[in-house]
Amino acid sequence: MRAGIAAPAAGARVGIPPAALAPTSAPLGSVSLAVSLPLLTPGLTSAPRAVLPNVETRPVAVAAPLAAEALLPGVGPRPVAVPGASSVVPKVAEGSAVPGERPVLGALSGVSAAAAKPAASAAALRTVYDAGPAFKRAGQEPVVDLSDTKSVYRGFLRRLGFHSYTADIAQSRAERAPVQHQAQVFDVAADRLKVLDASRELAVAVMAGLERQGYSEESVERAVDLAARLIELRPLEAPSNMPYSVRTAKRPERLRWLLGVTRDKASSQAGRVLSDVAGTVYSPAELVPREELQALLGHVRAVLSSMYADVEYGAGRYAGRALVSSLARHARLFGRPELEARLASALAERGFKLSDYIGSRFELTDRSGNKEAFEVRTGDILGTRSRSRRSSEIAIGAVPHPSRWWHAWREGLFGSILGVFMKPLEKYPVQVAGQPVRNWVRRSVHEWRKWLANTSHFLKGYSHAAIADVREADGIYNVLVWENEVDQGEGGIRPVSFWDQFLAKDYHARFGYARWDPFKVWDAFHAQAAERGWQEFPHRVEDGAWRTVLSREEHEALLAIPRERAGELVDTMNRRTMRLIEALMTGFGIGYGYGLSNSLLRLICTTTLWHGFLVGSQFEMQSKPDMFHPLTYLFKWLGTKNTAGLDMAARMIWPGSLFADDKVAEHRSIDLAGRDGARRADDNTMMQVYAERDPALTERLREVLKDGVADPFAFQDGTLETALHRQLVVRRWRRRDPEGKRAGVSLPRGYQREIEILYDR
């Protein structure tokens with residue numbers, strides 16, 4: 001490859017097989033349902049408020065002032081003109097600041113009991129949220145030009161879940177001025193989801209390069225090697241210590257040093273990865289414009305920034321997943337089984353299975369060493385349970401309706417109260433000089449507690465629930481999981497990779513899934529419709545509501561599905577739920593519901609699923625409500641710290657109840673054989689060195705891209721530092737409560753864990 005200014009020659013042909021010219025079916029994550037929504041008519045209230053395109057405010061007579069979040073619909077102010085009334089310029093109050101450390105048991109959130117009661121009238125609502133526009137946008141199919149390879153693969157990957165969520169978030173922010181916590185959720189989501197855009201564009205560039213090179217043997221070999229390299233790509237090893245002058249300095253100086261070391265490591269790796277990418281995209285004879293190389297470098301930087309600075313998305317292997325999926329698509333559509341076999345062999349040499357990245361069937365090893373195979377389907381309720389104390393508190397903090405206690409106990413869903421106190425909070429026991437016997441006893445008791453806390457008896461139940469979204473395009477699958485987590489700042493809704501992110505096999509102790517009985521769901525849906533009918537506002541809290549995205553006509557269409565086709569009803573509701581959850585992320589910046597939140601803009605993992613089915617399809621997931629564990633009432637009465645602030649009158653949605661519900665036809669759990677999450681991450685999360693294929697090409701690229709810059713591969717715009725700063729500072733605030741003790745937040749792995757240890761030291 002020669003670097004220059006001339007544009008590359010156009011490809012002689014575009015390899016689109018005849019089968020690809022046929023209309024493709026909609027992916028499992030979307031449906032093509034027309035949504036009929038009434039026009040919004042702004043009203044006038046007795047207090048100033050914001051008026052939004054997707055938020056309706058109505059007259060209300062309320063003497064007491066409302067909470068800040070209830071008054072703030074999340075959209076900027078604009079004058080409101082109401083016939084017969086004077087014009088009012090609403091004031092937007094500042095949103096509540098980032099909340100302090102909340103009770104761990106408060107992670108078990110629900111909605112107010114008032115939400116389950118019919119409201120007096122729509123006129124009594126202060127704020128109405130309408131997810132209809134964002135819901136429509138989430139269901140749009142990508143436009144594909146079948147004559148252009150880049151367009152074909154860009155559309156293919158978007159259908160697999162490599163969607164431009166960042167563009168949707170930017171559009172939502174342009175349409176409204178979000179309140180403080182919404183803005184923070186939007187910022188974090190937009191930053192971390194850039195890796196999906198970058199991964200998609202890298203794969204598109206590679207496939208277009210193969211097309212230009214006529215899929216020659218050499219080009220295909222380089223592409224397969226690059227796909228395996230990207231799947232294996234990890235951050236370089238983190239520093240194990242700091243210089244004495246830095247270690248004894250104040251925290252800002254330690255932060256500055258860690259940011260600099262990380263930037264240097266990522267910059268050195270960026271040039272080597274770019275060399276492999278460019279050597280695959282272009283043949284040695286091509287003249288490559290500098291602008292195209294700069295674009296590829298930007299995508300590589302985005303991928304590496306995620307790996308170094310994002311606890312969750314850095315482990316997603318998205319760049320490798322996108323390219324592996326694209327190559328597998330080409331192999332299957334063009335009848336080249338040898339290409340798929342070579343791809344599988346290249347991944348196997350590095351310890352990976354091709355089926356984990358293009359299929360929906362997986363295999364786990366349980367704690368007894370047995371292989372457990374299973375399939376994930378769209379709509380499966382997925383549960384995990386980690387080894388943390390926070391998980392133990394959630395697993396025991398609530399129970400299902402008494403009618404389901406026996407079933408929940410039989411399914412192993414109840415946690416152990418002793419498990420809350422068994423796992424030690426501190427990493428090492430305190431050692432006192434001159435007291436060897438006492439120190440030995442402390443160490444022995446500490447290790448015994450750690451061992452006992454990791455036995456299966458103390459690791460029952462689930463502490464987190466999510467929903468599976470299996471995307472399919474041209475016979476290739478990508479299993480996404482929609483969840484609402486708390487780990488960074490305000491938390492929020494996000495799509496994650498099932499295999500590399502959600503499972504976190506070295507951290508979680510249990511994984512399970514629940515699958516509904518379609519006939520029981522059909523019966524429940526019809527019973528609810530007969531009792532309540534169609535509701536314009538199915539989700540209400542004390543002073544506001546969400547408008548449904550299901551029109552009367554669509555509701556009647558769902559009711560018209562005969563019982564013998566109950567599976568069709570469940571599939572439709574599942575797809576609508578995925579779209580609505582996506583709309584909540586991209587359109588409203590829904591944050592995590594710390595404690596028992598009645599805010600319209602905060603949900604937790606379980607209420608996110610409940611909200612998705614209720615607002616998306618007018619289906620109430622739970623037949624019978626949950627309740628707090630009796631011991632939780634006792635702890636509340638005693639005034640224990642981890643129950644402070646709990647609203648004991650609120651409706652509780654316990655993760656375990658989603659697996660003990662009477663509509664569940666199949667529940668399967670697997671006790672994982674992973675190691676204790678408190679131990680140092682294994683070597684698979686970092687790499688000692690990344691050796692590119694052609695070091696000489698790396699140096700040539702350095703000269704071409706230098707353009708007066710000392711190191712053209714270096715991260716120059718501060719994005720890496722900003723993301724890492726959020727990782728260290730914001731998570732430190734989440735990791736510690738006001739008294740400086742450890743709080744309930746998931747431990748990171750790999751590079752992020754090592755630098756957190758140095759930063760906190």
# chains A, B, ... in the order shown; residues from 1 in each chain; ligands from 1
>>> residues_around(residues="Trp405 in chain A", least_positions_apart="6", cutoff="10 Å", atoms="only C-alpha atoms", output="list of chain:residue names")
A:Val399, A:Glu411, A:Leu413, A:Phe414, A:Ser657, A:Ala660
>>> write_last_selection(atoms="all heavy atoms", output="mmCIF file, in the first residue's frame")
data_model
loop_
_atom_site.group_PDB
_atom_site.id
_atom_site.type_symbol
_atom_site.label_atom_id
_atom_site.label_comp_id
_atom_site.auth_asym_id
_atom_site.auth_seq_id
_atom_site.Cartn_x
_atom_site.Cartn_y
_atom_site.Cartn_z
ATOM 1 N N VAL A 399 -39.643 -10.616 48.488
ATOM 2 C CA VAL A 399 -40.143 -11.950 48.166
ATOM 3 C C VAL A 399 -41.340 -11.789 47.236
ATOM 4 O O VAL A 399 -41.959 -10.720 47.176
ATOM 5 C CB VAL A 399 -40.563 -12.728 49.434
ATOM 6 C CG1 VAL A 399 -39.360 -13.053 50.292
ATOM 7 C CG2 VAL A 399 -41.601 -11.930 50.228
ATOM 8 N N GLU A 411 -37.514 -23.354 43.180
ATOM 9 C CA GLU A 411 -36.641 -22.945 42.086
ATOM 10 C C GLU A 411 -35.320 -22.353 42.565
ATOM 11 O O GLU A 411 -34.492 -21.945 41.757
ATOM 12 C CB GLU A 411 -37.366 -21.915 41.215
ATOM 13 C CG GLU A 411 -38.580 -22.444 40.474
ATOM 14 C CD GLU A 411 -38.196 -23.430 39.384
ATOM 15 O OE1 GLU A 411 -37.182 -23.195 38.694
ATOM 16 O OE2 GLU A 411 -38.895 -24.452 39.226
ATOM 17 N N LEU A 413 -34.805 -19.508 44.364
ATOM 18 C CA LEU A 413 -34.785 -18.073 44.108
ATOM 19 C C LEU A 413 -34.605 -17.240 45.364
ATOM 20 O O LEU A 413 -34.289 -16.052 45.273
ATOM 21 C CB LEU A 413 -36.082 -17.653 43.405
ATOM 22 C CG LEU A 413 -36.297 -18.276 42.020
ATOM 23 C CD1 LEU A 413 -37.686 -17.947 41.497
ATOM 24 C CD2 LEU A 413 -35.229 -17.791 41.047
ATOM 25 N N PHE A 414 -34.818 -17.838 46.535
ATOM 26 C CA PHE A 414 -34.649 -17.092 47.777
ATOM 27 C C PHE A 414 -33.176 -17.027 48.155
ATOM 28 O O PHE A 414 -32.482 -18.049 48.206
ATOM 29 C CB PHE A 414 -35.433 -17.747 48.917
ATOM 30 C CG PHE A 414 -36.911 -17.541 48.828
ATOM 31 C CD1 PHE A 414 -37.776 -18.623 48.869
ATOM 32 C CD2 PHE A 414 -37.441 -16.276 48.698
ATOM 33 C CE1 PHE A 414 -39.144 -18.447 48.789
ATOM 34 C CE2 PHE A 414 -38.814 -16.081 48.608
ATOM 35 C CZ PHE A 414 -39.664 -17.163 48.653
ATOM 36 N N SER A 657 -38.950 -12.778 41.265
ATOM 37 C CA SER A 657 -40.353 -13.050 40.964
ATOM 38 C C SER A 657 -40.599 -13.195 39.473
ATOM 39 O O SER A 657 -41.568 -13.845 39.061
ATOM 40 C CB SER A 657 -41.238 -11.936 41.527
ATOM 41 O OG SER A 657 -41.041 -10.729 40.818
ATOM 42 N N ALA A 660 -40.402 -16.762 38.923
ATOM 43 C CA ALA A 660 -41.369 -17.593 39.650
ATOM 44 C C ALA A 660 -42.797 -17.264 39.265
ATOM 45 O O ALA A 660 -43.729 -17.798 39.861
ATOM 46 C CB ALA A 660 -41.188 -17.385 41.157
#
>>> residues_around(residues="range 529-533 of chain A", least_positions_apart="5", cutoff="10 Å", atoms="only C-alpha atoms", output="PyMOL selection string")
chain A and resi 118+523-524+538+552+555-556+559+618-619
>>> closest_residue(among="A:Ala395, A:Val521, A:Leu354, A:Val689", to="Gly656 in chain A", atoms="only C-alpha atoms")
A:Ala395
>>> residues_around(residues="range 269-276 of chain A", least_positions_apart="3", cutoff="6 Å", atoms="only C-alpha atoms", output="ChimeraX atom specification")
/A:266,279,692,698,713
>>> residues_around(residues="range 240-249 of chain A", least_positions_apart="5", cutoff="12 Å", atoms="only C-alpha atoms", output="CSV table (one decimal) with C-alpha atoms, in the first residue's frame")
chain,number,residue,atom,x,y,z
A,254,ARG,CA,-2.4,10.5,41.0
A,255,LEU,CA,-5.3,10.9,38.6
A,256,ARG,CA,-3.1,13.0,36.2
A,257,TRP,CA,-0.4,10.4,36.2
A,258,LEU,CA,-2.9,7.5,35.5
A,261,VAL,CA,0.1,6.5,31.4
A,680,ARG,CA,-7.1,-9.9,40.5
A,750,GLY,CA,-8.9,-6.0,33.8
A,751,TYR,CA,-7.2,-2.7,33.1
A,753,ARG,CA,-9.7,-2.6,38.0
A,754,GLU,CA,-6.0,-2.2,38.3
A,755,ILE,CA,-6.0,1.6,37.9
A,756,GLU,CA,-9.0,1.9,40.3
A,757,ILE,CA,-6.9,0.1,42.9
A,758,LEU,CA,-4.0,2.6,42.3
A,759,TYR,CA,-6.3,5.6,42.3
A,760,ASP,CA,-8.0,4.5,45.5
A,761,ARG,CA,-4.8,3.6,47.3
>>> residues_around(residues="Arg387 in chain A", least_positions_apart="4", cutoff="8 Å", atoms="only C-alpha atoms", output="PDB file with C-alpha atoms, in the first residue's frame")
ATOM      1  CA  SER A 391     -26.409  -9.046  45.328  1.00  0.00           C
ATOM      2  CA  SER A 392     -27.020 -10.919  48.568  1.00  0.00           C
ATOM      3  CA  ALA A 453     -19.712 -16.863  51.055  1.00  0.00           C
ATOM      4  CA  ASN A 454     -18.847 -18.476  47.718  1.00  0.00           C
ATOM      5  CA  LEU A 459     -25.374 -17.737  46.147  1.00  0.00           C
ATOM      6  CA  TYR A 507     -17.675 -12.360  38.163  1.00  0.00           C
ATOM      7  CA  HIS A 508     -21.209 -13.753  38.302  1.00  0.00           C
ATOM      8  CA  ALA A 509     -22.124 -16.784  40.346  1.00  0.00           C
ATOM      9  CA  ASP A 676     -14.335 -14.586  43.020  1.00  0.00           C
ATOM     10  CA  GLY A 677     -14.761 -11.132  41.531  1.00  0.00           C
TER      11      GLY A 677
END
>>> atom_distance(atom1="CA of Asp626 in chain A", atom2="CA of Trp654 in chain A")
6.5 Å
>>> atom_distance(atom1="CA of Pro142 in chain A", atom2="CA of Gly155 in chain A")
5.5 Å
>>> closest_atom_pairs(of="range 148-168 of chain A", to="range 311-328 of chain A", cutoff="9 Å", atoms="only C-alpha atoms", output="tab-separated table")
residue	atom	partner	partner_atom	distance
A:Tyr153	CA	A:Ser326	CA	7.1
A:Phe156	CA	A:Ser326	CA	8.1
A:Leu157	CA	A:Ala322	CA	6.9
A:Leu160	CA	A:Ala322	CA	8.9
A:Phe162	CA	A:Ala322	CA	7.9
>>> decode(residues="range 223-235 of chain A", atoms="all heavy atoms", output="compact mmCIF listing (two decimals), in the first residue's frame")
# COMPACT_ATOMS: atom_id res chain seq x y z
N ALA A 223 -8.00 -10.53 5.99
CA ALA A 223 -9.25 -10.17 6.67
C ALA A 223 -9.58 -11.15 7.79
O ALA A 223 -10.02 -10.74 8.88
CB ALA A 223 -10.40 -10.12 5.66
N VAL A 224 -9.38 -12.44 7.56
CA VAL A 224 -9.63 -13.44 8.60
C VAL A 224 -8.68 -13.22 9.77
O VAL A 224 -9.08 -13.27 10.95
CB VAL A 224 -9.48 -14.86 8.02
CG1 VAL A 224 -9.48 -15.90 9.14
CG2 VAL A 224 -10.60 -15.15 7.03
N ASP A 225 -7.42 -12.95 9.46
CA ASP A 225 -6.45 -12.69 10.53
C ASP A 225 -6.82 -11.44 11.32
O ASP A 225 -6.72 -11.41 12.55
CB ASP A 225 -5.05 -12.53 9.92
CG ASP A 225 -4.01 -12.18 10.96
OD1 ASP A 225 -3.65 -13.07 11.76
OD2 ASP A 225 -3.55 -11.01 10.97
N LEU A 226 -7.27 -10.40 10.63
CA LEU A 226 -7.66 -9.17 11.33
C LEU A 226 -8.88 -9.41 12.22
O LEU A 226 -8.94 -8.89 13.34
CB LEU A 226 -7.98 -8.07 10.31
CG LEU A 226 -8.48 -6.75 10.89
CD1 LEU A 226 -7.40 -6.12 11.76
CD2 LEU A 226 -8.91 -5.79 9.78
N ALA A 227 -9.85 -10.19 11.73
CA ALA A 227 -11.03 -10.48 12.55
C ALA A 227 -10.64 -11.17 13.85
O ALA A 227 -11.14 -10.82 14.94
CB ALA A 227 -12.02 -11.34 11.77
N ALA A 228 -9.74 -12.15 13.76
CA ALA A 228 -9.28 -12.84 14.97
C ALA A 228 -8.50 -11.90 15.88
O ALA A 228 -8.63 -11.97 17.11
CB ALA A 228 -8.42 -14.04 14.58
N ARG A 229 -7.70 -11.02 15.29
CA ARG A 229 -6.94 -10.06 16.10
C ARG A 229 -7.87 -9.10 16.83
O ARG A 229 -7.62 -8.74 17.99
CB ARG A 229 -5.98 -9.27 15.21
CG ARG A 229 -4.74 -10.04 14.76
CD ARG A 229 -3.97 -9.27 13.71
NE ARG A 229 -2.70 -9.93 13.38
CZ ARG A 229 -1.53 -9.63 13.94
NH1 ARG A 229 -1.48 -8.65 14.82
NH2 ARG A 229 -0.44 -10.27 13.61
N LEU A 230 -8.94 -8.66 16.18
CA LEU A 230 -9.86 -7.72 16.81
C LEU A 230 -10.68 -8.40 17.90
O LEU A 230 -11.04 -7.77 18.90
CB LEU A 230 -10.77 -7.09 15.76
CG LEU A 230 -10.09 -6.14 14.77
CD1 LEU A 230 -11.10 -5.61 13.77
CD2 LEU A 230 -9.39 -5.00 15.49
N ILE A 231 -11.03 -9.67 17.71
CA ILE A 231 -11.73 -10.39 18.77
C ILE A 231 -10.83 -10.51 20.00
O ILE A 231 -11.28 -10.37 21.14
CB ILE A 231 -12.16 -11.78 18.29
CG1 ILE A 231 -13.37 -11.69 17.35
CG2 ILE A 231 -12.48 -12.71 19.46
CD1 ILE A 231 -14.67 -11.35 18.04
N GLU A 232 -9.55 -10.73 19.77
CA GLU A 232 -8.59 -10.91 20.87
C GLU A 232 -8.11 -9.59 21.45
O GLU A 232 -7.52 -9.57 22.53
CB GLU A 232 -7.39 -11.71 20.36
CG GLU A 232 -6.44 -12.17 21.45
CD GLU A 232 -5.23 -12.89 20.87
OE1 GLU A 232 -4.83 -12.55 19.74
OE2 GLU A 232 -4.68 -13.75 21.56
N LEU A 233 -8.36 -8.49 20.77
CA LEU A 233 -7.83 -7.19 21.17
C LEU A 233 -8.22 -6.83 22.60
O LEU A 233 -9.39 -6.89 22.97
CB LEU A 233 -8.33 -6.12 20.20
CG LEU A 233 -7.76 -4.71 20.39
CD1 LEU A 233 -6.26 -4.69 20.17
CD2 LEU A 233 -8.46 -3.73 19.46
N ARG A 234 -7.25 -6.45 23.39
CA ARG A 234 -7.45 -6.04 24.77
C ARG A 234 -6.51 -4.90 25.09
O ARG A 234 -5.54 -4.65 24.37
CB ARG A 234 -7.16 -7.21 25.71
CG ARG A 234 -8.10 -8.38 25.61
CD ARG A 234 -7.45 -9.64 26.12
NE ARG A 234 -6.40 -10.11 25.22
CZ ARG A 234 -5.47 -10.99 25.57
NH1 ARG A 234 -5.44 -11.48 26.78
NH2 ARG A 234 -4.55 -11.37 24.71
N PRO A 235 -6.73 -4.20 26.20
CA PRO A 235 -5.78 -3.16 26.61
C PRO A 235 -4.44 -3.77 26.98
O PRO A 235 -4.35 -4.94 27.38
CB PRO A 235 -6.44 -2.52 27.83
CG PRO A 235 -7.88 -2.93 27.77
CD PRO A 235 -7.90 -4.26 27.09
